[in-house]
Amino acid sequence: MTAIAVLAGGVGGARFVRGLLHHERAQETTPAGRTRTHVRVIANTGDDMWLNGLRVCPDLDTLMYTLGGGISEDQGWGRNGETRRTSAEISAYGRGWDWFTLGDLDLATHVVRTDLLRQGSTLTEVTEFLCRRWQPGVELLPMSDDAVETHVRLTQDIDEHPAGSLIHFEEWWVRYRAAVPAGEFVQVGLDTAQATEQVIEAILSADVVVLPPSNPVVSVGTILAVPGVREALGRTLAPVVGISPIIGGAAVHGMADQCLEAIGVPSTALDVALHYGARRDGGVLDAWLVDTTDASAVAPLDEAGIRAAAVPLWMTDVPATADMVAAALDLVRLPAPS
Ligand code: GDP
Ligand code: CA
């Protein structure tokens with residue numbers, strides 16, 4: 001059996017893993033008859049929050065619904081066939097946040113999750129339970145069972161929030177569309193958090209570890225910050241290959257560039273890879289895929305000890321994403337450069 005571990009955020013991570021599964025299942029049915037691939041997805045839980053008394057885990061749910069066939073394809077997040085009657089009732093009481101509505105079907109997931117957490121289950125156990133229904137075809141693992149929530153330090157007053165205060169990442173992202181300058185990202189709860197045993201084991205026992213084109217700061221960056229994760233990536237015998245979320249100097253969808261700006265990293269495919277760093281120098285990457293428009297990054301990356309190649313990186317559909325996966329896996333199967 002081949003084991004693949006993926007460190008993923010929400011929408012970008014989910015689309016990538018869908019392509020990965022497509023690629024692996026196609027390989028398994030070729031005459032060469034590869035054995036089945038077991039995919040473990042380590043999900044960012046830094047976007048998690050309490051809302052109306054319920055524990056909401058945006059990236060875990062985007063992964064679970066996308067891979068389980070329950071996603072709203074138009075939005076890229078939330079349930080298909082969704083209605084919003086409960087949120088309208090909550091607003092009628094003057095409660096909730098008008099910038100973050102939860103659909104009726106989605107609410108059921110949060111109710112079940114919160115109930116199980118309150119009965120003492122860990123988030124890992126709850127996620128496994130929810131996935132029994134959705135059958136995502138991967139083992140979905142929260143990065144930690146401890147709450148680690150990404151907050152944004154404001155550098156100016158906005159609405160009821162004074163400059164210098166912290167707001168939840170989702171408020172900065174969804175309510176303010178990342179248009180308010182972020183002084184820094186703070187992971188509240190990180191001091192006492194740990195990666196789960198399952199996460200460490202997934203990395204250590206993998207044949208290959210993949211960093212999909214998820215947000216390098218608030219998705220992959222958050223997972224890497226959890227105590228235990230970087231150390232496991234340093235120790236694993238598996239090669240680590242990443243795919244650039246930046247194409248031609250801009251984030252493809254989403255607002256990764258605003259996040260990179262806040263941590264002082266230029267929004268280029270080359271700079272994101274150098275920010276992750278080469279594994280031989282204590283970073284996390286052995287290899288990095290850039291888009292064909294960023295082919296000039298390949299030589300400097302090779303020089304920095306990160307094997308690189310340029311291929312189309314637009315996840316326009318599942319087969320195109322599967323081709324990207326094939327290119328990423330090929331990159332770490334090549335003999336090391338002499
Ligand atoms: P989120 O948690 O929902 O924000 O999703 P992720 O962190 O997993 O992924 C978001 C990132 O995916 C965005 O910031 C984009 O840079 C990247 N992305 C989205 N679509 C594509 C695509 O088609 N190709 C590439 N290379 N990156 C993409
Ligand atoms: Ca996210």
# chains A, B, ... in the order shown; residues from 1 in each chain; ligands from 1
$ residues_near_ligand --ligand "ligand 2" --cutoff "8 Å" --atoms "only C-alpha atoms and all ligand atoms" --output "ChimeraX atom specification"
/A:9-11,44-47,58-59,215,218-219
$ select_by_dssp --residues "stretch 82-290 of chain A" --states "alpha helix (DSSP H)" --output "ChimeraX atom specification"
/A:85-92,104-118,123-134,169-170,197-204,220-225,229-235,256-262,269-276
$ atom_distance --atom1 "atom CA of A:Ser165" --atom2 "atom CA of A:Ala147"
19.9 Å
$ residues_near_ligand --ligand "ligand 1" --cutoff "7 Å" --atoms "only C-alpha atoms and all ligand atoms" --output "ChimeraX atom specification"
/A:8-14,59,213-215,218-219,243-247,251-256,313-316
$ write_last_selection --atoms "C-alpha atoms" --output "PDB file, in the first residue's frame"
ATOM      1  CA  ALA A   8      -4.645  20.991   3.667  1.00  0.00           C
ATOM      2  CA  GLY A   9      -6.773  24.091   4.093  1.00  0.00           C
ATOM      3  CA  GLY A  10     -10.364  24.338   2.867  1.00  0.00           C
ATOM      4  CA  VAL A  11     -11.358  25.089  -0.711  1.00  0.00           C
ATOM      5  CA  GLY A  12      -7.923  24.852  -2.382  1.00  0.00           C
ATOM      6  CA  GLY A  13      -6.999  21.795  -0.326  1.00  0.00           C
ATOM      7  CA  ALA A  14     -10.292  20.025  -1.040  1.00  0.00           C
ATOM      8  CA  ASP A  59     -11.826  23.699   6.589  1.00  0.00           C
ATOM      9  CA  PRO A 213      -1.829  24.886  -3.165  1.00  0.00           C
ATOM     10  CA  SER A 214      -3.538  25.897   0.093  1.00  0.00           C
ATOM     11  CA  ASN A 215      -2.975  29.278   1.695  1.00  0.00           C
ATOM     12  CA  VAL A 218      -3.299  30.690   7.393  1.00  0.00           C
ATOM     13  CA  SER A 219      -3.810  27.099   6.177  1.00  0.00           C
ATOM     14  CA  ILE A 243       2.327  22.994  -5.243  1.00  0.00           C
ATOM     15  CA  SER A 244       2.377  26.772  -5.562  1.00  0.00           C
ATOM     16  CA  PRO A 245      -0.834  28.602  -4.629  1.00  0.00           C
ATOM     17  CA  ILE A 246       0.578  31.657  -6.388  1.00  0.00           C
ATOM     18  CA  ILE A 247       0.505  31.851 -10.175  1.00  0.00           C
ATOM     19  CA  ALA A 251      -3.253  34.234  -5.582  1.00  0.00           C
ATOM     20  CA  VAL A 252      -5.504  32.330  -7.931  1.00  0.00           C
ATOM     21  CA  HIS A 253      -8.633  32.536  -5.845  1.00  0.00           C
ATOM     22  CA  GLY A 254      -8.847  33.749  -2.312  1.00  0.00           C
ATOM     23  CA  MET A 255      -6.628  36.278  -0.646  1.00  0.00           C
ATOM     24  CA  ALA A 256      -3.325  34.535  -0.009  1.00  0.00           C
ATOM     25  CA  LEU A 313      -1.346  24.732 -12.012  1.00  0.00           C
ATOM     26  CA  TRP A 314      -4.952  25.797 -12.626  1.00  0.00           C
ATOM     27  CA  MET A 315      -7.357  23.387 -10.919  1.00  0.00           C
ATOM     28  CA  THR A 316      -9.985  24.024 -13.598  1.00  0.00           C
TER      29      THR A 316
END
$ closest_atom_pairs --of "stretch 138-252 of chain A" --to "stretch 279-294 of chain A" --cutoff "8 Å" --atoms "only C-alpha atoms" --output "CSV"
residue,atom,partner,partner_atom,distance
A:Arg230,CA,A:Val284,CA,7.3
A:Leu233,CA,A:Val284,CA,6.5
A:Gly234,CA,A:Val284,CA,7.0
A:Pro239,CA,A:Asp286,CA,6.1
A:Val240,CA,A:Asp286,CA,5.2
A:Val241,CA,A:Ala287,CA,4.6
A:Gly242,CA,A:Trp288,CA,4.7
A:Ile243,CA,A:Leu289,CA,4.8
A:Ser244,CA,A:Val290,CA,5.5
A:Ile247,CA,A:Asp291,CA,6.0
A:Gly248,CA,A:Thr293,CA,5.9
$ write_last_selection --atoms "N, CA, C and O atoms" --output "CSV table (one decimal), in the first residue's frame"
chain,number,residue,atom,x,y,z
A,230,ARG,N,6.4,20.2,12.4
A,230,ARG,CA,7.7,20.4,11.7
A,230,ARG,C,8.7,19.4,12.0
A,230,ARG,O,9.5,18.9,11.2
A,233,LEU,N,8.0,16.3,10.0
A,233,LEU,CA,8.4,16.5,8.6
A,233,LEU,C,9.9,16.4,8.5
A,233,LEU,O,10.4,16.0,7.4
A,234,GLY,N,10.6,16.9,9.5
A,234,GLY,CA,12.1,16.7,9.5
A,234,GLY,C,12.5,15.3,9.5
A,234,GLY,O,13.5,14.9,8.9
A,239,PRO,N,9.6,11.9,0.9
A,239,PRO,CA,9.9,13.3,0.4
A,239,PRO,C,8.6,14.2,0.5
A,239,PRO,O,7.5,13.7,0.6
A,240,VAL,N,8.9,15.5,0.6
A,240,VAL,CA,7.8,16.4,0.8
A,240,VAL,C,7.8,17.3,-0.5
A,240,VAL,O,8.7,18.0,-0.8
A,241,VAL,N,6.6,17.3,-1.1
A,241,VAL,CA,6.5,18.1,-2.4
A,241,VAL,C,5.3,19.0,-2.2
A,241,VAL,O,4.2,18.7,-1.7
A,242,GLY,N,5.5,20.3,-2.7
A,242,GLY,CA,4.4,21.3,-2.6
A,242,GLY,C,4.0,21.8,-3.9
A,242,GLY,O,4.8,21.7,-4.9
A,243,ILE,N,2.8,22.4,-4.0
A,243,ILE,CA,2.3,23.0,-5.2
A,243,ILE,C,2.0,24.5,-5.0
A,243,ILE,O,1.4,24.8,-4.0
A,244,SER,N,2.5,25.3,-5.8
A,244,SER,CA,2.4,26.8,-5.6
A,244,SER,C,0.9,27.3,-5.6
A,244,SER,O,0.2,27.0,-6.6
A,247,ILE,N,0.2,32.0,-8.7
A,247,ILE,CA,0.5,31.9,-10.2
A,247,ILE,C,0.7,33.2,-10.7
A,247,ILE,O,-0.1,34.1,-10.6
A,248,GLY,N,1.9,33.5,-11.4
A,248,GLY,CA,2.1,34.8,-12.0
A,248,GLY,C,2.0,35.9,-11.0
A,248,GLY,O,1.6,37.0,-11.4
$ residues_around --residues "A:Val111" --least-positions-apart "3" --cutoff "12 Å" --atoms "only C-alpha atoms" --output "VMD selection string"
chain A and resid 50 to 57 102 104 to 108 114 to 118 126 130
$ residues_around --residues "A:Val298" --least-positions-apart "4" --cutoff "8 Å" --atoms "only C-alpha atoms" --output "list in words"
Val290, Asp294, Asp302, Arg307, Ala308, Ala309 and Ala310 of chain A
$ select_by_dssp --residues "stretch 95-297 of chain A" --states "strand (DSSP E)" --output "VMD selection string"
chain A and resid 139 to 142 149 to 154 166 to 168 182 to 188 208 to 211 240 to 243 246 to 247 250 to 251 287 to 290
$ write_last_selection --atoms "N, CA and C atoms" --output "CSV table (one decimal), in the first residue's frame"
chain,number,residue,atom,x,y,z
A,139,GLU,N,-8.7,9.5,5.0
A,139,GLU,CA,-8.8,9.6,6.5
A,139,GLU,C,-8.6,11.1,6.8
A,140,LEU,N,-9.6,11.7,7.4
A,140,LEU,CA,-9.6,13.2,7.6
A,140,LEU,C,-9.2,13.4,9.1
A,141,LEU,N,-8.0,14.1,9.2
A,141,LEU,CA,-7.5,14.3,10.6
A,141,LEU,C,-7.3,15.8,10.9
A,142,PRO,N,-8.0,16.3,11.9
A,142,PRO,CA,-7.7,17.6,12.4
A,142,PRO,C,-6.3,17.7,12.8
A,149,GLU,N,-6.9,28.9,17.4
A,149,GLU,CA,-7.7,29.8,16.5
A,149,GLU,C,-6.8,30.9,16.0
A,150,THR,N,-6.8,31.1,14.7
A,150,THR,CA,-6.1,32.2,14.1
A,150,THR,C,-6.8,33.5,14.3
A,151,HIS,N,-6.1,34.5,14.9
A,151,HIS,CA,-6.6,35.8,15.0
A,151,HIS,C,-5.7,36.8,14.3
A,152,VAL,N,-6.3,38.0,14.0
A,152,VAL,CA,-5.6,39.0,13.2
A,152,VAL,C,-5.5,40.2,14.1
A,153,ARG,N,-4.2,40.8,14.2
A,153,ARG,CA,-4.0,42.0,14.9
A,153,ARG,C,-4.3,43.2,14.0
A,154,LEU,N,-5.3,44.0,14.4
A,154,LEU,CA,-5.6,45.2,13.6
A,154,LEU,C,-4.6,46.3,13.8
A,166,LEU,N,-7.3,42.1,18.6
A,166,LEU,CA,-7.3,40.9,17.8
A,166,LEU,C,-8.7,40.6,17.4
A,167,ILE,N,-8.9,40.2,16.1
A,167,ILE,CA,-10.2,39.7,15.7
A,167,ILE,C,-10.0,38.3,15.1
A,168,HIS,N,-11.1,37.5,15.2
A,168,HIS,CA,-11.0,36.1,14.6
A,168,HIS,C,-10.7,36.3,13.1
A,182,ALA,N,-3.5,43.8,8.1
A,182,ALA,CA,-3.3,42.8,9.2
A,182,ALA,C,-1.9,43.1,9.7
A,183,GLY,N,-1.7,43.4,11.0
A,183,GLY,CA,-0.4,43.6,11.6
A,183,GLY,C,0.3,42.3,11.7
A,184,GLU,N,-0.4,41.3,12.2
A,184,GLU,CA,0.2,40.0,12.4
A,184,GLU,C,-0.9,39.0,12.6
A,185,PHE,N,-0.6,37.7,12.4
A,185,PHE,CA,-1.5,36.6,12.7
A,185,PHE,C,-1.1,36.0,14.0
A,186,VAL,N,-2.0,35.8,14.9
A,186,VAL,CA,-1.7,35.2,16.2
A,186,VAL,C,-2.5,33.9,16.3
A,187,GLN,N,-1.8,32.8,16.6
A,187,GLN,CA,-2.6,31.6,16.8
A,187,GLN,C,-2.9,31.4,18.3
A,188,VAL,N,-4.1,31.8,18.7
A,188,VAL,CA,-4.5,31.7,20.1
A,188,VAL,C,-4.6,30.3,20.5
A,208,VAL,N,4.9,9.6,0.7
A,208,VAL,CA,5.1,11.0,0.2
A,208,VAL,C,4.2,11.9,1.0
A,209,VAL,N,4.7,13.1,1.3
A,209,VAL,CA,3.9,14.1,1.9
A,209,VAL,C,3.7,15.3,0.9
A,210,VAL,N,2.4,15.7,0.8
A,210,VAL,CA,2.1,16.7,-0.2
A,210,VAL,C,1.6,18.0,0.5
A,211,LEU,N,2.1,19.1,0.1
A,211,LEU,CA,1.5,20.4,0.5
A,211,LEU,C,0.7,20.9,-0.7
A,240,VAL,N,8.9,15.5,0.6
A,240,VAL,CA,7.8,16.4,0.8
A,240,VAL,C,7.8,17.3,-0.5
A,241,VAL,N,6.6,17.3,-1.1
A,241,VAL,CA,6.5,18.1,-2.4
A,241,VAL,C,5.3,19.0,-2.2
A,242,GLY,N,5.5,20.3,-2.7
A,242,GLY,CA,4.4,21.3,-2.6
A,242,GLY,C,4.0,21.8,-3.9
A,243,ILE,N,2.8,22.4,-4.0
A,243,ILE,CA,2.3,23.0,-5.2
A,243,ILE,C,2.0,24.5,-5.0
A,246,ILE,N,0.4,30.4,-5.7
A,246,ILE,CA,0.6,31.7,-6.4
A,246,ILE,C,0.9,31.4,-7.8
A,247,ILE,N,0.2,32.0,-8.7
A,247,ILE,CA,0.5,31.9,-10.2
A,247,ILE,C,0.7,33.2,-10.7
A,250,ALA,N,0.2,36.3,-8.3
A,250,ALA,CA,-1.1,36.6,-7.6
A,250,ALA,C,-1.7,35.3,-7.1
A,251,ALA,N,-2.5,35.4,-6.0
A,251,ALA,CA,-3.3,34.2,-5.6
A,251,ALA,C,-4.3,34.0,-6.6
A,287,ALA,N,10.7,19.4,-2.8
A,287,ALA,CA,10.3,19.7,-4.2
A,287,ALA,C,9.1,20.7,-4.3
A,288,TRP,N,9.0,21.4,-5.4
A,288,TRP,CA,8.0,22.5,-5.5
A,288,TRP,C,7.6,22.6,-6.9
A,289,LEU,N,6.3,22.6,-7.2
A,289,LEU,CA,5.8,22.8,-8.5
A,289,LEU,C,5.3,24.2,-8.7
A,290,VAL,N,5.8,24.8,-9.8
A,290,VAL,CA,5.3,26.2,-10.1
A,290,VAL,C,4.5,26.1,-11.4
$ residues_around --residues "A:Met324" --least-positions-apart "3" --cutoff "8 Å" --atoms "only C-alpha atoms" --output "VMD selection string"
chain A and resid 311 to 313 320 to 321 327 to 328
$ write_last_selection --atoms "C-alpha atoms" --output "PDB file, in the first residue's frame"
ATOM      1  CA  VAL A 311       3.451  22.730 -15.294  1.00  0.00           C
ATOM      2  CA  PRO A 312      -0.066  24.220 -15.562  1.00  0.00           C
ATOM      3  CA  LEU A 313      -1.346  24.732 -12.012  1.00  0.00           C
ATOM      4  CA  ALA A 320      -6.502  18.905 -14.859  1.00  0.00           C
ATOM      5  CA  THR A 321      -5.911  18.666 -11.116  1.00  0.00           C
ATOM      6  CA  ALA A 327       3.598  16.037 -12.060  1.00  0.00           C
ATOM      7  CA  ALA A 328       4.095  16.580  -8.323  1.00  0.00           C
TER       8      ALA A 328
END
$ atom_distance --atom1 "atom CA of A:Leu204" --atom2 "atom CA of A:Thr35"
19.8 Å
$ residues_around --residues "stretch 17-24 of chain A" --least-positions-apart "3" --cutoff "7 Å" --atoms "only C-alpha atoms" --output "PyMOL selection string"
chain A and resi 13-14+27-28+37+67+318-319+321-322+325
$ write_last_selection --atoms "N, CA, C and O atoms" --output "PDB file, in the first residue's frame"
ATOM      1  N   GLY A  13      -7.418  23.124  -0.769  1.00  0.00           N
ATOM      2  CA  GLY A  13      -6.999  21.795  -0.326  1.00  0.00           C
ATOM      3  C   GLY A  13      -7.974  20.728  -0.809  1.00  0.00           C
ATOM      4  O   GLY A  13      -7.570  19.672  -1.303  1.00  0.00           O
ATOM      5  N   ALA A  14      -9.265  21.013  -0.680  1.00  0.00           N
ATOM      6  CA  ALA A  14     -10.292  20.025  -1.040  1.00  0.00           C
ATOM      7  C   ALA A  14     -10.280  19.744  -2.541  1.00  0.00           C
ATOM      8  O   ALA A  14     -10.364  18.593  -2.970  1.00  0.00           O
ATOM      9  N   GLN A  27      -4.626   5.128 -11.339  1.00  0.00           N
ATOM     10  CA  GLN A  27      -3.389   4.328 -11.299  1.00  0.00           C
ATOM     11  C   GLN A  27      -3.672   2.894 -10.861  1.00  0.00           C
ATOM     12  O   GLN A  27      -3.072   1.957 -11.369  1.00  0.00           O
ATOM     13  N   GLU A  28      -4.591   2.772  -9.903  1.00  0.00           N
ATOM     14  CA  GLU A  28      -4.870   1.441  -9.349  1.00  0.00           C
ATOM     15  C   GLU A  28      -5.503   0.512 -10.372  1.00  0.00           C
ATOM     16  O   GLU A  28      -5.430  -0.706 -10.241  1.00  0.00           O
ATOM     17  N   THR A  37      -3.942   3.165  -2.689  1.00  0.00           N
ATOM     18  CA  THR A  37      -3.289   4.256  -1.981  1.00  0.00           C
ATOM     19  C   THR A  37      -4.166   4.693  -0.821  1.00  0.00           C
ATOM     20  O   THR A  37      -5.380   4.837  -0.977  1.00  0.00           O
ATOM     21  N   LEU A  67     -15.264  16.077  -0.671  1.00  0.00           N
ATOM     22  CA  LEU A  67     -14.861  14.707  -0.993  1.00  0.00           C
ATOM     23  C   LEU A  67     -16.021  13.730  -0.832  1.00  0.00           C
ATOM     24  O   LEU A  67     -16.026  12.661  -1.445  1.00  0.00           O
ATOM     25  N   VAL A 318     -11.376  18.287 -12.451  1.00  0.00           N
ATOM     26  CA  VAL A 318     -10.719  17.180 -11.744  1.00  0.00           C
ATOM     27  C   VAL A 318      -9.579  16.574 -12.570  1.00  0.00           C
ATOM     28  O   VAL A 318      -8.481  16.379 -12.040  1.00  0.00           O
ATOM     29  N   PRO A 319      -9.778  16.294 -13.881  1.00  0.00           N
ATOM     30  CA  PRO A 319      -8.648  15.722 -14.645  1.00  0.00           C
ATOM     31  C   PRO A 319      -7.425  16.657 -14.695  1.00  0.00           C
ATOM     32  O   PRO A 319      -6.287  16.179 -14.587  1.00  0.00           O
ATOM     33  N   THR A 321      -6.528  18.736 -12.443  1.00  0.00           N
ATOM     34  CA  THR A 321      -5.911  18.666 -11.116  1.00  0.00           C
ATOM     35  C   THR A 321      -5.151  17.348 -10.954  1.00  0.00           C
ATOM     36  O   THR A 321      -4.064  17.311 -10.369  1.00  0.00           O
ATOM     37  N   ALA A 322      -5.712  16.279 -11.528  1.00  0.00           N
ATOM     38  CA  ALA A 322      -5.039  14.978 -11.457  1.00  0.00           C
ATOM     39  C   ALA A 322      -3.705  15.020 -12.212  1.00  0.00           C
ATOM     40  O   ALA A 322      -2.713  14.425 -11.762  1.00  0.00           O
ATOM     41  N   VAL A 325      -1.229  16.571  -9.989  1.00  0.00           N
ATOM     42  CA  VAL A 325      -0.807  15.598  -8.973  1.00  0.00           C
ATOM     43  C   VAL A 325       0.266  14.670  -9.552  1.00  0.00           C
ATOM     44  O   VAL A 325       1.301  14.414  -8.915  1.00  0.00           O
TER      45      VAL A 325
END
$ closest_residue --among "A:His38, A:Glu303, A:Pro162, A:Val217" --to "A:Ser267" --atoms "only C-alpha atoms"
A:Val217
$ closest_residue --among "A:Ala278, A:Val138, A:Met143, A:Leu331" --to "A:Gln198" --atoms "only C-alpha atoms"
A:Met143
$ atom_distance --atom1 "atom CA of A:Tyr176" --atom2 "atom CA of A:Gly76"
19.2 Å
